[in-house]
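Text of input-v3.pdb, listed as PDB, C-alpha atoms:
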ATOM      1  CA  MET A   1      27.720  -7.304 -17.486
ATOM      2  CA  GLU A   2      25.174  -8.976 -15.235
ATOM      3  CA  LEU A   3      27.092  -7.918 -12.128
ATOM      4  CA  MET A   4      27.287  -4.320 -13.396
ATOM      5  CA  LEU A   5      23.527  -4.308 -13.948
ATOM      6  CA  PHE A   6      22.994  -5.744 -10.479
ATOM      7  CA  HIS A   7      25.208  -3.097  -8.883
ATOM      8  CA  GLY A   8      23.365  -0.399 -10.826
ATOM      9  CA  LEU A   9      20.071  -1.674  -9.461
ATOM     10  CA  ILE A  10      21.532  -1.688  -5.951
ATOM     11  CA  ALA A  11      22.695   1.935  -6.309
ATOM     12  CA  ALA A  12      19.284   3.084  -7.569
ATOM     13  CA  HIS A  13      17.582   1.020  -4.853
ATOM     14  CA  ILE A  14      19.676   2.706  -2.156
ATOM     15  CA  VAL A  15      18.962   6.209  -3.505
ATOM     16  CA  THR A  16      15.189   5.769  -3.738
ATOM     17  CA  GLY A  17      15.023   3.767  -0.516
ATOM     18  CA  ALA A  18      17.032   6.341   1.453
ATOM     19  CA  THR A  19      14.933   9.191   0.056
ATOM     20  CA  GLY A  20      11.751   7.352   1.005
ATOM     21  CA  ALA A  21      13.105   6.524   4.456
ATOM     22  CA  ILE A  22      13.688  10.241   5.120
ATOM     23  CA  ALA A  23      10.402  11.378   3.564
ATOM     24  CA  PHE A  24       8.524   8.794   5.656
ATOM     25  CA  TRP A  25       8.860  10.776   8.869
ATOM     26  CA  VAL A  26       7.361  14.055   7.643
ATOM     27  CA  PRO A  27       3.779  12.765   7.218
ATOM     28  CA  VAL A  28       4.165  10.433  10.210
ATOM     29  CA  LEU A  29       5.281  13.112  12.677
ATOM     30  CA  GLY A  30       3.986  16.298  11.043
ATOM     31  CA  ARG A  31       0.596  17.946  10.838
ATOM     32  CA  LYS A  32      -1.871  15.751   8.993
ATOM     33  CA  GLY A  33      -3.665  16.834   5.841
ATOM     34  CA  GLY A  34      -1.584  19.931   5.118
ATOM     35  CA  ALA A  35       0.465  20.780   2.044
ATOM     36  CA  ASN A  36       3.651  19.358   3.566
ATOM     37  CA  HIS A  37       1.908  16.117   4.460
ATOM     38  CA  ARG A  38       0.638  15.681   0.917
ATOM     39  CA  TRP A  39       3.900  16.659  -0.799
ATOM     40  CA  TRP A  40       6.146  14.452   1.326
ATOM     41  CA  GLY A  41       3.560  11.679   1.282
ATOM     42  CA  ARG A  42       3.562  11.656  -2.517
ATOM     43  CA  LEU A  43       7.375  11.631  -2.542
ATOM     44  CA  PHE A  44       7.459   8.731  -0.102
ATOM     45  CA  ASN A  45       4.843   6.806  -2.062
ATOM     46  CA  ARG A  46       6.665   7.167  -5.371
ATOM     47  CA  CYS A  47       9.972   6.201  -3.792
ATOM     48  CA  MET A  48       8.376   3.060  -2.341
ATOM     49  CA  LEU A  49       6.901   2.044  -5.683
ATOM     50  CA  ILE A  50      10.289   2.431  -7.376
ATOM     51  CA  THR A  51      12.234   0.853  -4.501
ATOM     52  CA  GLY A  52       9.957  -2.184  -4.387
ATOM     53  CA  SER A  53      10.133  -2.604  -8.157
ATOM     54  CA  LEU A  54      13.936  -2.431  -8.077
ATOM     55  CA  ALA A  55      13.977  -5.038  -5.299
ATOM     56  CA  MET A  56      11.967  -7.363  -7.511
ATOM     57  CA  CYS A  57      14.440  -6.863 -10.359
ATOM     58  CA  MET A  58      17.389  -7.570  -8.047
ATOM     59  CA  ALA A  59      15.661 -10.663  -6.697
ATOM     60  CA  THR A  60      15.008 -11.945 -10.218
ATOM     61  CA  LEU A  61      18.681 -11.599 -11.158
ATOM     62  CA  THR A  62      19.637 -13.408  -7.946
ATOM     63  CA  LEU A  63      17.288 -16.276  -8.796
ATOM     64  CA  ILE A  64      18.894 -16.544 -12.241
ATOM     65  CA  ASP A  65      22.495 -16.392 -11.003
ATOM     66  CA  PRO A  66      22.903 -16.309  -7.201
ATOM     67  CA  ILE A  67      26.709 -16.570  -7.185
ATOM     68  CA  GLY A  68      27.208 -14.185 -10.094
ATOM     69  CA  THR A  69      25.204 -11.475  -8.322
ATOM     70  CA  HIS A  70      26.768 -12.158  -4.896
ATOM     71  CA  PRO A  71      30.381 -13.177  -5.646
ATOM     72  CA  HIS A  72      31.542 -11.928  -2.225
ATOM     73  CA  LEU A  73      29.429 -14.661  -0.601
ATOM     74  CA  GLU A  74      30.792 -17.518  -2.714
ATOM     75  CA  GLY A  75      32.084 -20.277  -0.464
ATOM     76  CA  ARG A  76      30.257 -18.898   2.562
ATOM     77  CA  PHE A  77      26.709 -19.799   1.505
ATOM     78  CA  GLU A  78      25.178 -22.332  -0.832
ATOM     79  CA  PRO A  79      23.451 -21.100  -4.016
ATOM     80  CA  SER A  80      20.152 -22.471  -2.659
ATOM     81  CA  PHE A  81      20.521 -20.233   0.407
ATOM     82  CA  LEU A  82      21.217 -17.154  -1.710
ATOM     83  CA  ARG A  83      18.234 -17.924  -3.941
ATOM     84  CA  GLY A  84      16.025 -18.323  -0.890
ATOM     85  CA  ILE A  85      17.028 -15.232   1.075
ATOM     86  CA  PHE A  86      18.142 -12.767  -1.599
ATOM     87  CA  GLY A  87      15.913 -14.195  -4.302
ATOM     88  CA  TRP A  88      12.543 -15.473  -3.126
ATOM     89  CA  MET A  89      12.378 -13.553   0.165
ATOM     90  CA  MET A  90      13.524 -10.269  -1.396
ATOM     91  CA  LEU A  91      11.025 -10.794  -4.208
ATOM     92  CA  THR A  92       8.261 -11.172  -1.621
ATOM     93  CA  THR A  93       9.294  -8.026   0.267
ATOM     94  CA  GLY A  94       9.443  -6.124  -3.018
ATOM     95  CA  VAL A  95       5.919  -7.201  -3.944
ATOM     96  CA  LEU A  96       4.799  -6.380  -0.393
ATOM     97  CA  THR A  97       6.238  -2.862  -0.627
ATOM     98  CA  VAL A  98       4.609  -2.116  -3.979
ATOM     99  CA  ASN A  99       1.336  -3.631  -2.782
ATOM    100  CA  LEU A 100       1.190  -1.493   0.353
ATOM    101  CA  ALA A 101       2.287   1.723  -1.375
ATOM    102  CA  TRP A 102      -0.278   1.410  -4.169
ATOM    103  CA  TYR A 103      -3.104   0.194  -1.919
ATOM    104  CA  GLY A 104      -2.507   2.923   0.663
ATOM    105  CA  TRP A 105      -2.366   5.599  -2.028
ATOM    106  CA  LEU A 106      -5.665   4.511  -3.579
ATOM    107  CA  ALA A 107      -7.307   4.479  -0.145
ATOM    108  CA  VAL A 108      -6.679   8.194   0.305
ATOM    109  CA  LEU A 109      -7.446   9.114  -3.315
ATOM    110  CA  ASN A 110     -10.888   7.485  -3.113
ATOM    111  CA  LYS A 111     -11.719   8.499   0.438
ATOM    112  CA  ARG A 112     -14.843  10.524  -0.421
ATOM    113  CA  GLY A 113     -17.521   8.307  -1.847
ATOM    114  CA  GLY A 114     -15.312   6.486  -4.295
ATOM    115  CA  HIS A 115     -14.633   3.244  -2.457
ATOM    116  CA  ALA A 116     -15.562   1.126  -5.484
ATOM    117  CA  ARG A 117     -12.674   2.770  -7.361
ATOM    118  CA  ASN A 118     -10.270   1.033  -4.973
ATOM    119  CA  ARG A 119     -11.141  -2.256  -6.678
ATOM    120  CA  THR A 120      -9.058  -1.615  -9.762
ATOM    121  CA  PRO A 121      -7.682  -4.630 -11.674
ATOM    122  CA  LEU A 122      -4.149  -3.618 -10.669
ATOM    123  CA  ASN A 123      -4.992  -3.299  -6.977
ATOM    124  CA  LEU A 124      -6.748  -6.669  -6.947
ATOM    125  CA  TRP A 125      -3.958  -8.276  -8.948
ATOM    126  CA  LEU A 126      -1.407  -7.001  -6.428
ATOM    127  CA  GLN A 127      -3.311  -8.839  -3.682
ATOM    128  CA  PHE A 128      -3.158 -12.080  -5.661
ATOM    129  CA  ALA A 129       0.525 -11.535  -6.494
ATOM    130  CA  LEU A 130       1.405 -10.949  -2.843
ATOM    131  CA  LEU A 131      -0.533 -14.020  -1.730
ATOM    132  CA  LEU A 132       1.217 -16.181  -4.310
ATOM    133  CA  ALA A 133       4.642 -14.717  -3.468
ATOM    134  CA  SER A 134       4.057 -15.228   0.275
ATOM    135  CA  LEU A 135       3.001 -18.861  -0.096
ATOM    136  CA  ASN A 136       6.018 -19.527  -2.308
ATOM    137  CA  CYS A 137       8.312 -17.743   0.163
ATOM    138  CA  SER A 138       7.111 -20.032   2.942
ATOM    139  CA  PHE A 139       7.588 -23.094   0.759
ATOM    140  CA  GLN A 140      11.090 -22.036  -0.268
ATOM    141  CA  GLY A 141      11.900 -21.327   3.392
ATOM    142  CA  TRP A 142      10.827 -24.860   4.256
ATOM    143  CA  LEU A 143      13.077 -26.267   1.530
ATOM    144  CA  ILE A 144      16.198 -24.541   2.896
ATOM    145  CA  GLY A 145      15.235 -24.577   6.581
ATOM    146  CA  GLN A 146      14.907 -20.814   7.095
ATOM    147  CA  PRO A 147      12.036 -19.987   9.503
ATOM    148  CA  LEU A 148      12.460 -16.248   8.887
ATOM    149  CA  MET A 149      10.953 -16.770   5.439
ATOM    150  CA  HIS A 150       7.806 -18.152   7.099
ATOM    151  CA  GLY A 151       7.578 -14.943   9.108
ATOM    152  CA  ILE A 152       7.728 -12.796   5.972
ATOM    153  CA  ALA A 153       5.083 -15.029   4.409
ATOM    154  CA  ILE A 154       2.790 -14.513   7.404
ATOM    155  CA  VAL A 155       3.160 -10.724   7.090
ATOM    156  CA  GLY A 156       2.320 -10.936   3.390
ATOM    157  CA  ILE A 157      -0.731 -13.155   3.917
ATOM    158  CA  ALA A 158      -1.995 -10.956   6.772
ATOM    159  CA  THR A 159      -1.633  -7.930   4.489
ATOM    160  CA  VAL A 160      -3.696  -9.580   1.761
ATOM    161  CA  VAL A 161      -6.420 -10.652   4.224
ATOM    162  CA  THR A 162      -6.800  -7.177   5.759
ATOM    163  CA  ASN A 163      -6.568  -5.442   2.375
ATOM    164  CA  MET A 164      -9.246  -7.668   0.869
ATOM    165  CA  ARG A 165     -11.519  -7.175   3.856
ATOM    166  CA  PHE A 166     -11.461  -3.446   3.154
ATOM    167  CA  LEU A 167     -11.765  -3.835  -0.614
ATOM    168  CA  ARG A 168     -14.723  -6.209  -0.319
ATOM    169  CA  SER A 169     -16.619  -4.041   2.175
ATOM    170  CA  GLU A 170     -19.666  -2.404   0.607
ATOM    171  CA  SER A 171     -20.128   0.450   3.086
ATOM    172  CA  PRO A 172     -16.853   1.110   4.930
ATOM    173  CA  GLY A 173     -17.056   3.403   7.940
ATOM    174  CA  PRO A 174     -15.952   7.034   7.684
ATOM    175  CA  THR A 175     -12.527   6.345   9.213
ATOM    176  CA  TYR A 176     -11.889   2.904   7.684
ATOM    177  CA  TRP A 177     -10.043   4.344   4.679
ATOM    178  CA  LEU A 178      -7.817   6.455   6.940
ATOM    179  CA  LYS A 179      -6.808   3.509   9.091
ATOM    180  CA  GLU A 180      -6.008   1.480   5.992
ATOM    181  CA  HIS A 181      -4.035   4.382   4.537
ATOM    182  CA  VAL A 182      -1.981   4.576   7.733
ATOM    183  CA  LYS A 183      -1.526   0.788   7.920
ATOM    184  CA  ALA A 184      -0.393   0.503   4.330
ATOM    185  CA  LEU A 185       2.039   3.398   4.102
ATOM    186  CA  VAL A 186       3.577   2.825   7.531
ATOM    187  CA  GLY A 187       3.865  -0.825   6.509
ATOM    188  CA  ALA A 188       5.747   0.238   3.399
ATOM    189  CA  GLY A 189       8.011   2.312   5.643
ATOM    190  CA  ILE A 190       8.654  -0.762   7.787
ATOM    191  CA  SER A 191       9.753  -2.653   4.708
ATOM    192  CA  VAL A 192      12.327  -0.067   3.632
ATOM    193  CA  TYR A 193      13.854   0.210   7.100
ATOM    194  CA  THR A 194      13.918  -3.568   7.383
ATOM    195  CA  ALA A 195      15.760  -3.740   4.061
ATOM    196  CA  PHE A 196      18.380  -1.262   5.251
ATOM    197  CA  MET A 197      18.880  -3.008   8.596
ATOM    198  CA  ALA A 198      18.690  -6.611   7.420
ATOM    199  CA  PHE A 199      19.592  -6.937   3.734
ATOM    200  CA  GLY A 200      21.962  -3.984   3.949
ATOM    201  CA  SER A 201      23.948  -5.600   6.755
ATOM    202  CA  VAL A 202      25.007  -8.409   4.433
ATOM    203  CA  ARG A 203      27.797  -6.174   3.097
ATOM    204  CA  VAL A 204      29.246  -5.705   6.588
ATOM    205  CA  LEU A 205      28.434  -8.947   8.376
ATOM    206  CA  PRO A 206      26.299 -11.388   6.367
ATOM    207  CA  GLU A 207      25.196 -13.325   9.443
ATOM    208  CA  LEU A 208      23.339 -10.243  10.708
ATOM    209  CA  ALA A 209      20.956 -10.376   7.750
ATOM    210  CA  LEU A 210      19.091 -13.247   9.399
ATOM    211  CA  HIS A 211      19.335 -12.073  12.991
ATOM    212  CA  PRO A 212      15.781 -11.747  14.406
ATOM    213  CA  VAL A 213      16.609  -8.396  16.037
ATOM    214  CA  MET A 214      17.375  -6.838  12.640
ATOM    215  CA  TRP A 215      13.833  -7.698  11.534
ATOM    216  CA  ALA A 216      12.066  -7.139  14.873
ATOM    217  CA  ILE A 217      13.172  -3.536  15.507
ATOM    218  CA  PRO A 218      11.583  -1.889  12.412
ATOM    219  CA  CYS A 219       8.551  -4.183  12.630
ATOM    220  CA  ALA A 220       7.865  -3.358  16.293
ATOM    221  CA  THR A 221       8.414   0.353  15.648
ATOM    222  CA  GLY A 222       6.029   0.327  12.694
ATOM    223  CA  ILE A 223       3.300  -1.522  14.577
ATOM    224  CA  ALA A 224       3.577   0.968  17.438
ATOM    225  CA  ILE A 225       3.228   3.884  14.978
ATOM    226  CA  ILE A 226       0.180   2.293  13.338
ATOM    227  CA  LEU A 227      -1.565   1.623  16.665
ATOM    228  CA  TRP A 228      -0.794   5.142  17.909
ATOM    229  CA  HIS A 229      -2.295   6.712  14.789
ATOM    230  CA  TRP A 230      -5.317   4.409  14.844
ATOM    231  CA  ARG A 231      -5.999   5.471  18.419
ATOM    232  CA  ALA A 232      -5.676   9.125  17.408
ATOM    233  CA  VAL A 233      -8.158   8.552  14.555
ATOM    234  CA  ASP A 234     -10.640   6.955  16.980
ATOM    235  CA  ARG A 235     -10.276   9.826  19.461
ATOM    236  CA  GLN A 236     -10.842  12.455  16.776
ATOM    237  CA  SER A 237     -13.830  10.571  15.409
ATOM    238  CA  ALA A 238     -15.364  10.266  18.871
ATOM    239  CA  ALA A 239     -14.797  13.988  19.492
ATOM    240  CA  ARG A 240     -16.555  14.918  16.246
ATOM    241  CA  ARG A 241     -19.560  12.732  17.098
ATOM    242  CA  ALA A 242     -19.785  14.258  20.569
ATOM    243  CA  ALA A 243     -19.437  17.887  19.370
ATOM    244  CA  PRO A 244     -23.118  18.438  18.407
ATOM    245  CA  ALA A 245     -24.251  17.104  21.765
TER     246      ALA A 245
END
Re-express the file's structure as structure tokens.
Amino acid sequence: MELMLFHGLIAAHIVTGATGAIAFWVPVLGRKGGANHRWWGRLFNRCMLITGSLAMCMATLTLIDPIGTHPHLEGRFEPSFLRGIFGWMMLTTGVLTVNLAWYGWLAVLNKRGGHARNRTPLNLWLQFALLLASLNCSFQGWLIGQPLMHGIAIVGIATVVTNMRFLRSESPGPTYWLKEHVKALVGAGISVYTAFMAFGSVRVLPELALHPVMWAIPCATGIAIILWHWRAVDRQSAARRAAPA
């Protein structure tokens, strides 16, 4: 029964994750601010919230019964390894995905004079939850000797630090919300592609799940997209300031 539930969660996770992975590119590559951008952006955001929540459920079941949820890996990996990678690390990436999707969505909803509304109890709690999950992920990685878990922890902590800097700012600049919106939702996109490339590869070749390249490719691509869009935001802002002159 537990394995059936786990497989059901995996199936739902794949459906929502794949839908979000496709929807991701429309707002990233398309015209900004239009009807298509908003519609596909909402679809992507909702898919990320569901996908991240499902990942947390899958991780919880793995923590409870690592062999029962991954019988195909019995004899190849120790239960402590499965708990670390497919339990604690997946839990952290799930919290990270939900954190970024919700935070990035609020940033755009409250872009006009409503910055204080970004400091909702849920949004602040998600920062605390991600910080706690990241610190635990690093600790669990130390226990089983998996440096990759430290890397995920660093990403989570950096996310909390930059999110809180924006949330705590009293008078954010006119483009601050847009840069945070881009950072958060592209970051959520990174997480879903990482899951497909890394966690998904465990079904084909489990050793690939921990290969640095499987984690580096989506991360490097996402960072490049974020920096490109930030530069575009700065150029547009500079052009608007220079227009009256």
Could you produce a table of the residues of segment 67-129 of chain A lying within 10 Å of segment 168-171 of chain A, with the nearest pair of atoms per residue and their separation in Å rounded to one decimal, using all atoms listed in the file, ordered by chain and increasing residue number, as CSV?
residue,atom,partner,partner_atom,distance
A:Gly113,CA,A:Ser171,CA,9.6
A:His115,CA,A:Glu170,CA,8.2
A:Ala116,CA,A:Glu170,CA,8.1
A:Asn118,CA,A:Arg168,CA,9.7
A:Arg119,CA,A:Arg168,CA,8.3
Checklist line | Nearest to Leu143 of chain A by atom-to-atom distance, counting all atoms listed in the file, from A:Ala184, A:Val95, A:Ile85, A:Leu126 | finding: A:Ile85
Next item on the list: One decimal, Å: what's the distance from atom CA of Leu96 of chain A over to atom CA of Gly156 of chain A, could you say?
Entry: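 Computed distance, atom CA of Leu96 of chain A to atom CA of Gly156 of chain A, equals 6.4 Å.
Shell of Val98 of chain A at 9 Å, with only C-alpha atoms counted and residues fewer than 2 places along the chain excluded, is Met48, Leu49, Ile50, Thr51, Gly52, Ser53, Thr93, Gly94, Val95, Leu96, Leu100, Ala101, Trp102, Tyr103, Leu126 and Ala188 of chain A.
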Next item on the list: Using the chain letters and numbering of this document, enumerate as a ChimeraX atom specification the residues selected by the PyMOL selection byres ((chain A and resi 235-244) around 12).
Entry: /A:173-176,178-179,228-234,245
Write out the residues from the selection above, keeping C-alpha atoms, as a tab-separated table (two decimals), keeping the file's coordinate frame.
chain	number	residue	atom	x	y	z
A	173	GLY	CA	-17.06	3.40	7.94
A	174	PRO	CA	-15.95	7.03	7.68
A	175	THR	CA	-12.53	6.34	9.21
A	176	TYR	CA	-11.89	2.90	7.68
A	178	LEU	CA	-7.82	6.46	6.94
A	179	LYS	CA	-6.81	3.51	9.09
A	228	TRP	CA	-0.79	5.14	17.91
A	229	HIS	CA	-2.30	6.71	14.79
A	230	TRP	CA	-5.32	4.41	14.84
A	231	ARG	CA	-6.00	5.47	18.42
A	232	ALA	CA	-5.68	9.12	17.41
A	233	VAL	CA	-8.16	8.55	14.56
A	234	ASP	CA	-10.64	6.96	16.98
A	245	ALA	CA	-24.25	17.10	21.76
Checklist line | Among the residues A:Asn45, A:Asn36, A:Thr92, A:Thr159, the one that comes closest to Met58 of chain A [using all atoms listed in the file] | finding: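 Ranking A:Asn45, A:Asn36, A:Thr92, A:Thr159 by distance to Met58 of chain A, first place goes to A:Thr92.
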Margin query: Please enumerate the residues selected by the PyMOL selection byres ((chain A and resi 194) around 10) when evaluated against the supplied file, formatted as a list in words.
Written below: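 For this structure, the PyMOL selection byres ((chain A and resi 194) around 10) resolves to Thr93, Ala188, Gly189, Ile190, Ser191, Val192, Tyr193, Ala195, Phe196, Met197, Ala198, Phe199, Gly200, Ala209, Met214, Trp215, Ala216, Ile217, Pro218 and Cys219 of chain A.
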